[in-house]
Structure formats: structure tokens, C-alpha cells
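Data file: start09.cif. Format and content: mmCIF, C-alpha atoms.
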data_protein
#
loop_
_atom_site.label_atom_id
_atom_site.label_comp_id
_atom_site.auth_asym_id
_atom_site.auth_seq_id
_atom_site.Cartn_x
_atom_site.Cartn_y
_atom_site.Cartn_z
CA MET A 1 0.00 0.00 0.00
CA HIS A 2 2.76 2.45 0.97
CA VAL A 3 4.51 1.65 -2.29
CA GLY A 4 1.36 2.57 -4.24
CA VAL A 5 1.19 5.91 -2.46
CA LEU A 6 4.80 6.64 -3.42
CA LYS A 7 4.10 5.62 -7.03
CA ALA A 8 1.30 8.16 -7.18
CA PHE A 9 3.48 10.83 -5.59
CA ASP A 10 6.16 10.24 -8.22
CA GLU A 11 3.58 10.40 -11.01
CA LEU A 12 2.19 13.65 -9.64
CA GLY A 13 5.67 15.11 -9.27
CA LEU A 14 5.30 15.60 -5.50
CA GLN A 15 8.31 15.43 -3.20
CA PRO A 16 7.96 15.64 0.60
CA ASP A 17 10.62 17.48 2.58
CA LEU A 18 10.44 14.87 5.35
CA ILE A 19 9.35 11.23 5.47
CA VAL A 20 8.33 9.83 8.86
CA GLY A 21 7.66 6.10 8.86
CA ALA A 22 6.88 3.36 11.34
CA SER A 23 7.11 -0.39 10.72
CA VAL A 24 6.55 -1.09 7.00
CA GLY A 25 6.35 2.67 6.50
CA ALA A 26 9.89 2.97 7.82
CA LEU A 27 11.11 0.28 5.43
CA VAL A 28 9.47 1.71 2.32
CA GLY A 29 10.08 5.31 3.36
CA SER A 30 13.78 4.83 4.02
CA LEU A 31 14.35 3.29 0.59
CA ARG A 32 12.53 6.21 -1.06
CA ALA A 33 14.37 8.79 1.05
CA ALA A 34 17.64 7.14 0.01
CA GLY A 35 16.83 7.85 -3.62
CA LEU A 36 15.21 4.68 -4.97
CA PRO A 37 12.32 5.44 -7.35
CA ALA A 38 8.94 4.03 -6.39
CA THR A 39 8.96 1.65 -9.36
CA ARG A 40 12.17 0.05 -8.10
CA ILE A 41 10.72 -0.29 -4.60
CA GLU A 42 7.62 -1.87 -6.13
CA ALA A 43 9.73 -4.49 -7.90
CA LEU A 44 11.52 -5.30 -4.64
CA ALA A 45 8.22 -5.55 -2.75
CA LEU A 46 6.73 -7.95 -5.28
CA ASP A 47 9.81 -10.16 -5.60
CA LEU A 48 10.70 -10.32 -1.90
CA GLN A 49 10.16 -13.67 -0.22
CA PRO A 50 8.58 -13.29 3.28
CA THR A 51 10.93 -15.97 4.66
CA ALA A 52 13.84 -13.66 3.85
CA MET A 53 12.60 -11.07 6.37
CA ALA A 54 13.27 -12.98 9.59
CA ASN A 55 15.52 -15.50 11.29
CA LEU A 56 14.64 -17.70 14.22
CA ALA A 57 15.64 -15.82 17.36
CA LEU A 58 17.54 -17.11 20.35
CA PHE A 59 15.45 -15.00 22.73
CA ALA A 60 12.75 -16.22 25.09
CA GLU A 61 10.59 -13.12 24.52
CA ALA A 62 10.45 -13.34 20.73
CA ARG A 63 10.22 -15.93 17.98
CA PHE A 64 12.25 -14.15 15.34
CA SER A 65 15.15 -11.82 14.79
CA GLY A 66 14.59 -8.98 12.35
CA ALA A 67 18.26 -8.78 11.40
CA PRO A 68 17.41 -9.69 7.76
CA VAL A 69 15.30 -6.51 7.59
CA ALA A 70 18.37 -4.43 8.43
CA ALA A 71 20.42 -6.39 5.91
CA LEU A 72 17.81 -5.80 3.20
CA VAL A 73 17.88 -2.03 3.72
CA GLN A 74 21.68 -2.00 3.84
CA SER A 75 21.82 -4.05 0.65
CA TYR A 76 19.37 -2.08 -1.49
CA SER A 77 19.74 1.44 -0.16
CA PRO A 78 22.32 3.54 -2.03
CA VAL A 79 22.83 5.51 1.20
CA ARG A 80 23.53 3.73 4.48
CA LEU A 81 23.26 6.59 6.98
CA LEU A 82 19.97 8.37 7.61
CA GLU A 83 21.60 11.77 7.89
CA GLN A 84 23.13 11.42 4.41
CA MET A 85 19.90 10.62 2.57
CA PRO A 86 18.72 13.03 -0.16
CA TRP A 87 15.41 13.43 1.69
CA ARG A 88 15.07 13.80 5.43
CA MET A 89 13.95 10.50 6.98
CA ALA A 90 12.79 9.57 10.47
CA CYS A 91 12.31 5.90 11.41
CA VAL A 92 9.90 5.72 14.34
CA ALA A 93 10.28 3.13 17.11
CA LEU A 94 8.98 2.74 20.65
CA ARG A 95 11.51 2.78 23.50
CA ARG A 96 10.66 -0.19 25.69
CA ARG A 97 11.87 1.34 28.96
CA ASP A 98 9.34 4.15 29.10
CA GLY A 99 7.06 3.84 26.06
CA VAL A 100 8.41 7.00 24.43
CA LEU A 101 8.28 7.36 20.65
CA VAL A 102 11.68 8.05 19.11
CA GLY A 103 12.28 9.19 15.55
CA PHE A 104 15.71 8.09 14.38
CA THR A 105 17.14 10.63 11.95
CA ARG A 106 20.81 9.68 12.23
CA GLY A 107 22.78 6.47 12.13
CA ASP A 108 22.47 3.19 10.26
CA ALA A 109 19.17 3.14 8.35
CA GLY A 110 18.95 -0.66 8.39
CA ILE A 111 19.19 -0.88 12.17
CA ALA A 112 16.65 1.93 12.58
CA VAL A 113 14.19 0.18 10.25
CA GLN A 114 14.72 -3.12 12.06
CA ALA A 115 13.86 -1.43 15.36
CA SER A 116 10.78 0.23 13.87
CA ALA A 117 9.54 -3.12 12.53
CA ALA A 118 10.29 -5.24 15.63
CA ILE A 119 6.72 -6.37 16.34
CA GLU A 120 6.30 -7.01 20.07
CA GLY A 121 6.03 -10.69 20.93
CA GLN A 122 7.14 -11.72 17.45
CA PHE A 123 10.49 -10.03 16.79
CA ALA A 124 13.32 -9.45 19.22
CA PRO A 125 13.68 -5.84 20.39
CA VAL A 126 16.58 -3.96 18.84
CA ARG A 127 19.23 -2.45 21.07
CA ILE A 128 20.45 1.00 20.04
CA ARG A 129 22.80 2.99 22.25
CA GLY A 130 21.92 0.90 25.28
CA GLU A 131 18.12 1.12 24.87
CA ARG A 132 15.73 -1.50 23.45
CA TYR A 133 13.25 -0.49 20.76
CA VAL A 134 10.19 -2.14 19.19
CA ASP A 135 7.52 -1.53 16.56
CA PRO A 136 5.19 1.28 17.77
CA ASP A 137 2.10 -0.13 16.04
CA TRP A 138 0.07 -0.87 19.17
CA HIS A 139 0.95 2.45 20.78
CA ALA A 140 1.13 5.06 18.01
CA PRO A 141 0.60 3.58 14.52
CA LEU A 142 0.26 6.97 12.83
CA PRO A 143 3.04 9.22 14.23
CA VAL A 144 1.68 12.54 13.00
CA ARG A 145 2.44 14.43 16.21
CA LEU A 146 6.03 13.25 16.08
CA ALA A 147 6.25 14.53 12.49
CA ARG A 148 5.04 17.90 13.74
CA ALA A 149 7.65 17.84 16.50
CA LEU A 150 10.31 17.20 13.85
CA GLY A 151 9.28 20.39 12.07
CA ALA A 152 6.62 19.30 9.57
CA ARG A 153 4.23 22.17 8.77
CA ARG A 154 1.90 20.16 6.53
CA VAL A 155 1.40 16.46 7.14
CA ILE A 156 -0.01 13.87 4.77
CA ALA A 157 -0.54 10.68 6.76
CA VAL A 158 -0.91 7.16 5.38
CA ASP A 159 -3.29 5.02 7.45
CA ALA A 160 -2.59 1.33 6.86
CA SER A 161 -5.22 0.05 9.30
CA ALA A 162 -8.27 -1.98 8.29
CA HIS A 163 -11.61 -0.42 7.37
CA GLU A 164 -13.30 -2.04 10.34
CA ASP A 165 -16.72 -0.79 9.23
CA ARG A 166 -16.38 -3.04 6.17
CA ALA A 167 -15.16 -6.13 8.03
CA PRO A 168 -16.45 -9.33 6.35
CA PRO A 169 -18.26 -12.20 8.09
CA GLY A 170 -15.80 -14.16 10.22
CA ALA A 171 -13.91 -11.08 11.38
CA GLU A 172 -16.01 -10.56 14.52
CA ARG A 173 -13.31 -11.98 16.81
CA TYR A 174 -10.97 -9.17 15.74
CA ARG A 175 -13.48 -6.42 16.47
CA ASP A 176 -11.94 -5.32 19.79
CA ASP A 177 -8.47 -5.07 18.28
CA ASP A 178 -9.82 -3.15 15.30
CA LEU A 179 -11.53 -0.62 17.56
CA LYS A 180 -8.41 -0.23 19.69
CA LYS A 181 -6.34 0.42 16.59
CA ARG A 182 -8.92 2.93 15.30
CA ALA A 183 -8.72 4.88 18.58
CA LEU A 184 -4.93 5.00 18.35
CA VAL A 185 -5.04 6.14 14.73
CA ARG A 186 -7.71 8.76 15.43
CA ALA A 187 -5.56 10.37 18.15
CA ASP A 188 -2.96 11.37 15.57
CA ALA A 189 -5.11 11.61 12.44
CA SER A 190 -6.77 14.74 13.77
CA HIS A 191 -3.36 16.47 13.62
CA ALA A 192 -2.80 15.70 9.92
CA ASP A 193 -3.72 17.94 7.02
CA LEU A 194 -4.79 14.93 4.96
CA VAL A 195 -5.13 11.24 5.81
CA LEU A 196 -4.87 8.68 3.02
CA HIS A 197 -6.69 5.47 3.98
CA PRO A 198 -6.73 3.07 1.01
CA ASP A 199 -9.01 0.04 1.16
CA PHE A 200 -7.05 -3.05 0.16
CA GLY A 201 -9.41 -5.56 1.75
CA TYR A 202 -9.72 -6.76 5.31
CA TRP A 203 -7.70 -9.97 5.20
CA VAL A 204 -3.93 -9.61 4.88
CA ASN A 205 -1.46 -12.19 3.58
CA PHE A 206 1.96 -12.36 1.93
CA SER A 207 0.91 -13.63 -1.48
CA ARG A 208 2.06 -11.77 -4.57
CA GLY A 209 -1.57 -11.24 -5.52
CA PHE A 210 -2.30 -9.47 -2.25
CA ARG A 211 0.78 -7.31 -2.58
CA GLU A 212 -0.23 -6.29 -6.10
CA ARG A 213 -3.76 -5.46 -4.92
CA SER A 214 -2.46 -3.48 -1.95
CA ILE A 215 -0.06 -1.43 -4.08
CA GLU A 216 -2.79 -0.72 -6.62
CA ALA A 217 -5.20 0.37 -3.87
CA GLY A 218 -2.64 2.82 -2.48
CA TYR A 219 -1.88 4.14 -5.96
CA ARG A 220 -5.51 4.68 -7.01
CA HIS A 221 -6.59 6.16 -3.68
CA THR A 222 -3.72 8.66 -3.74
CA LEU A 223 -4.34 9.73 -7.33
CA ALA A 224 -7.96 10.38 -6.39
CA GLN A 225 -6.67 13.02 -3.94
CA ALA A 226 -4.40 14.69 -6.51
CA GLU A 227 -5.98 18.14 -6.26
CA ARG A 228 -5.74 18.29 -2.47
CA LEU A 229 -2.20 16.89 -2.52
CA ARG A 230 -1.01 19.50 -5.01
CA ALA A 231 -2.55 22.25 -2.90
CA LEU A 232 -0.70 21.01 0.17
CA HIS A 233 2.59 21.02 -1.72
CA VAL A 234 2.37 24.67 -2.74
CA LYS A 235 5.23 26.51 -1.04
#

Take the structure in this file and express it as C-alpha cells.
Amino acid sequence: MHVGVLKAFDELGLQPDLIVGASVGALVGSLRAAGLPATRIEALALDLQPTAMANLALFAEARFSGAPVAALVQSYSPVRLLEQMPWRMACVALRRRDGVLVGFTRGDAGIAVQASAAIEGQFAPVRIRGERYVDPDWHAPLPVRLARALGARRVIAVDASAHEDRAPPGAERYRDDDLKKRALVRADASHADLVLHPDFGYWVNFSRGFRERSIEAGYRHTLAQAERLRALHVK
């Protein structure tokens, strides 16, 4: 989905001054901020094998290590350090000690993305400068306020959560989690100038077909907002 949004941005000739991403948004955003065109990122997203994104972890609190995520970014990004990227980039992660959101804008991009995508209970936390960091998804999945704190004057947010009001039969058992996620998203969405919320279907999987559908949904939804997006990019 994020890749589709970037494809539309490229087609519309829009370039953000700052990209703030969490989890998958940090992965896709860091590659774009490093200079990869959206079409190249799309090819990577479609060809990537999910098994290449994790290793079994030797930690009691997590099943997997996200080290392959860092290696992927380091391998494909033409720029290794966040502070040297052509576009400003902030990879958002949650500091385990106190639950504070941190936007990494300096240092190794791969390690920062790994920390941002370290899903609690699934992936081992990532240690950076003596602190452990995890994916912020169940605390602040749409870090708009952090973007503002980093100096953003106009914020276009990409909401990757489900459209819970369109949940299909069989999804009832996820209702509580959906509503919790919606409350977390809403807390930051109100601080954005525009929220893009593509509908790529309720059920998520790693098939190529799903990835193609998700990218297309992000692309079409973003193009539909072209007029508002261009207005927001006027200096």
C-alpha cells in the first residue's frame, strides 16, 4: 500500500521534505528517502520472499530476529546513513523502557528500520545505544504528532489500518483489536492535514496477488486526492 502511495506521488511530481515512517512505512520510506524510485521499490516488494525477512531468534521473549530486515535495507539502499539521505527521513520506534516514541534521523538506516519493525512478541527488540526499541504499532501507529515535532508544517498521513466498518463475516473476533487500533489512529489523524486510507481488503497475507492489490489500492486512492495533494505542496 505504501509503495502505491509513493508511485502516485512520483507520477504527480510531488516530493515531501520529510518522510516519517513506522514499521513497513519505515522500510518503504527509508528506501525512497535514500533515492530509490517508487517503481524500483515496487519491484523489490513484489519479488521479496517473506521468509527472507526474519531469522529464528535465540530470545525467550520473541520468535524471530529482524536482522534480515536491516540487511535488506543495507543491501538495497544507495545511502547507508539516515543523515546522508537526499530526503530527510525519520524511522519511528517505541523505547521499551518508558514507552516513548523516538524518531531516528541519524545512524544506520537498516538498524533503525529493524527497530521500527520489531513487532512485540514476534520479533526481538533492537538495542540502540543501550536502549531496546520495538515496533510502535500498538501504541502510536500513525506518528503525525512526532512529524510535527520534527518540524513538519503540513502532514499527509498514510493510514494502513483496516476499514473495520467493512469487516467481512468471520472477522467478529478481531473487532476489539480493530476498535483499539482505530482509537490509536484517530488520536494522531486529527493532527494531519490529509489522511490517506486506502481500502485493500480486510484480510492480509503475503501472497504476490495481495501485494499487487495493496499497491494498486494505495496508488488509485492517492491519485484520487491529486488536487488536495497538489494544494498542500504549494510553497

Here's the selection I'm unsure about, the PyMOL selection byres ((chain A and resi 2) around 8); applied to the file above, which residues does it give, as a compact mmCIF listing (two decimals) with C-alpha atoms, in the frame of the given file?
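Result file is result.txt:
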# COMPACT_ATOMS: atom_id res chain seq x y z
CA MET A 1 0.00 0.00 0.00
CA VAL A 3 4.51 1.65 -2.29
CA GLY A 4 1.36 2.57 -4.24
CA VAL A 5 1.19 5.91 -2.46
CA LEU A 6 4.80 6.64 -3.42
CA VAL A 24 6.55 -1.09 7.00
CA GLY A 25 6.35 2.67 6.50
CA VAL A 28 9.47 1.71 2.32
CA VAL A 158 -0.91 7.16 5.38
CA ILE A 215 -0.06 -1.43 -4.08
CA GLY A 218 -2.64 2.82 -2.48

Target residues per the PyMOL selection byres ((chain A and resi 220) around 12), formatted as a short mmCIF file (atom, residue, chain, number, x, y, z; two decimals) with C-alpha atoms, keeping the file's coordinate frame:
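Output below, filename result_26.cif:
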data_model
loop_
_atom_site.label_atom_id
_atom_site.label_comp_id
_atom_site.auth_asym_id
_atom_site.auth_seq_id
_atom_site.Cartn_x
_atom_site.Cartn_y
_atom_site.Cartn_z
CA MET A 1 0.00 0.00 0.00
CA HIS A 2 2.76 2.45 0.97
CA VAL A 3 4.51 1.65 -2.29
CA GLY A 4 1.36 2.57 -4.24
CA VAL A 5 1.19 5.91 -2.46
CA LEU A 6 4.80 6.64 -3.42
CA LYS A 7 4.10 5.62 -7.03
CA ALA A 8 1.30 8.16 -7.18
CA PHE A 9 3.48 10.83 -5.59
CA GLU A 11 3.58 10.40 -11.01
CA LEU A 196 -4.87 8.68 3.02
CA HIS A 197 -6.69 5.47 3.98
CA PRO A 198 -6.73 3.07 1.01
CA ASP A 199 -9.01 0.04 1.16
CA PHE A 200 -7.05 -3.05 0.16
CA ARG A 213 -3.76 -5.46 -4.92
CA SER A 214 -2.46 -3.48 -1.95
CA ILE A 215 -0.06 -1.43 -4.08
CA GLU A 216 -2.79 -0.72 -6.62
CA ALA A 217 -5.20 0.37 -3.87
CA GLY A 218 -2.64 2.82 -2.48
CA TYR A 219 -1.88 4.14 -5.96
CA HIS A 221 -6.59 6.16 -3.68
CA THR A 222 -3.72 8.66 -3.74
CA LEU A 223 -4.34 9.73 -7.33
CA ALA A 224 -7.96 10.38 -6.39
CA GLN A 225 -6.67 13.02 -3.94
CA ALA A 226 -4.40 14.69 -6.51
#

Report as a PyMOL selection string the residues that result from applying the PyMOL selection byres ((chain A and resi 50) around 12) to the structure here. chain A and resi 44-49+51-55+66+68-69+72+205-208+211

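Proximity ranking of A:Ile119, A:Leu101, A:Leu82, A:Leu14 relative to Arg63 of chain A places A:Ile119 first, based on all atoms listed in the file.
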
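In this structure, atom CA of Arg32 of chain A sits 8.7 Å away from atom CA of Ser77 of chain A.
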
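Among A:Arg96, A:Arg175, A:His191, A:Arg80, the residue with the shortest atom-to-atom distance to Asp135 of chain A, counting all atoms listed in the file, is A:Arg96.
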
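Of the residues listed (A:Asp159, A:Glu227, A:Glu164, A:Asp137), A:Asp159 shows the shortest atom-to-atom separation from Ala192 of chain A; distances use all atoms listed in the file.
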
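Among A:Ala117, A:Val102, A:Ile128, A:Ala162, the residue with the shortest atom-to-atom distance to Asp177 of chain A, counting all atoms listed in the file, is A:Ala162.
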
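Minimum distance to Pro86 of chain A across A:Ala34, A:Ile19, A:Val144, A:Ala149 (counting all atoms listed in the file) occurs at A:Ala34.
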
From A:Ala112, A:Cys91, A:Val134, A:Val204, residue lying nearest Leu150 of chain A [only C-alpha atoms]: A:Cys91
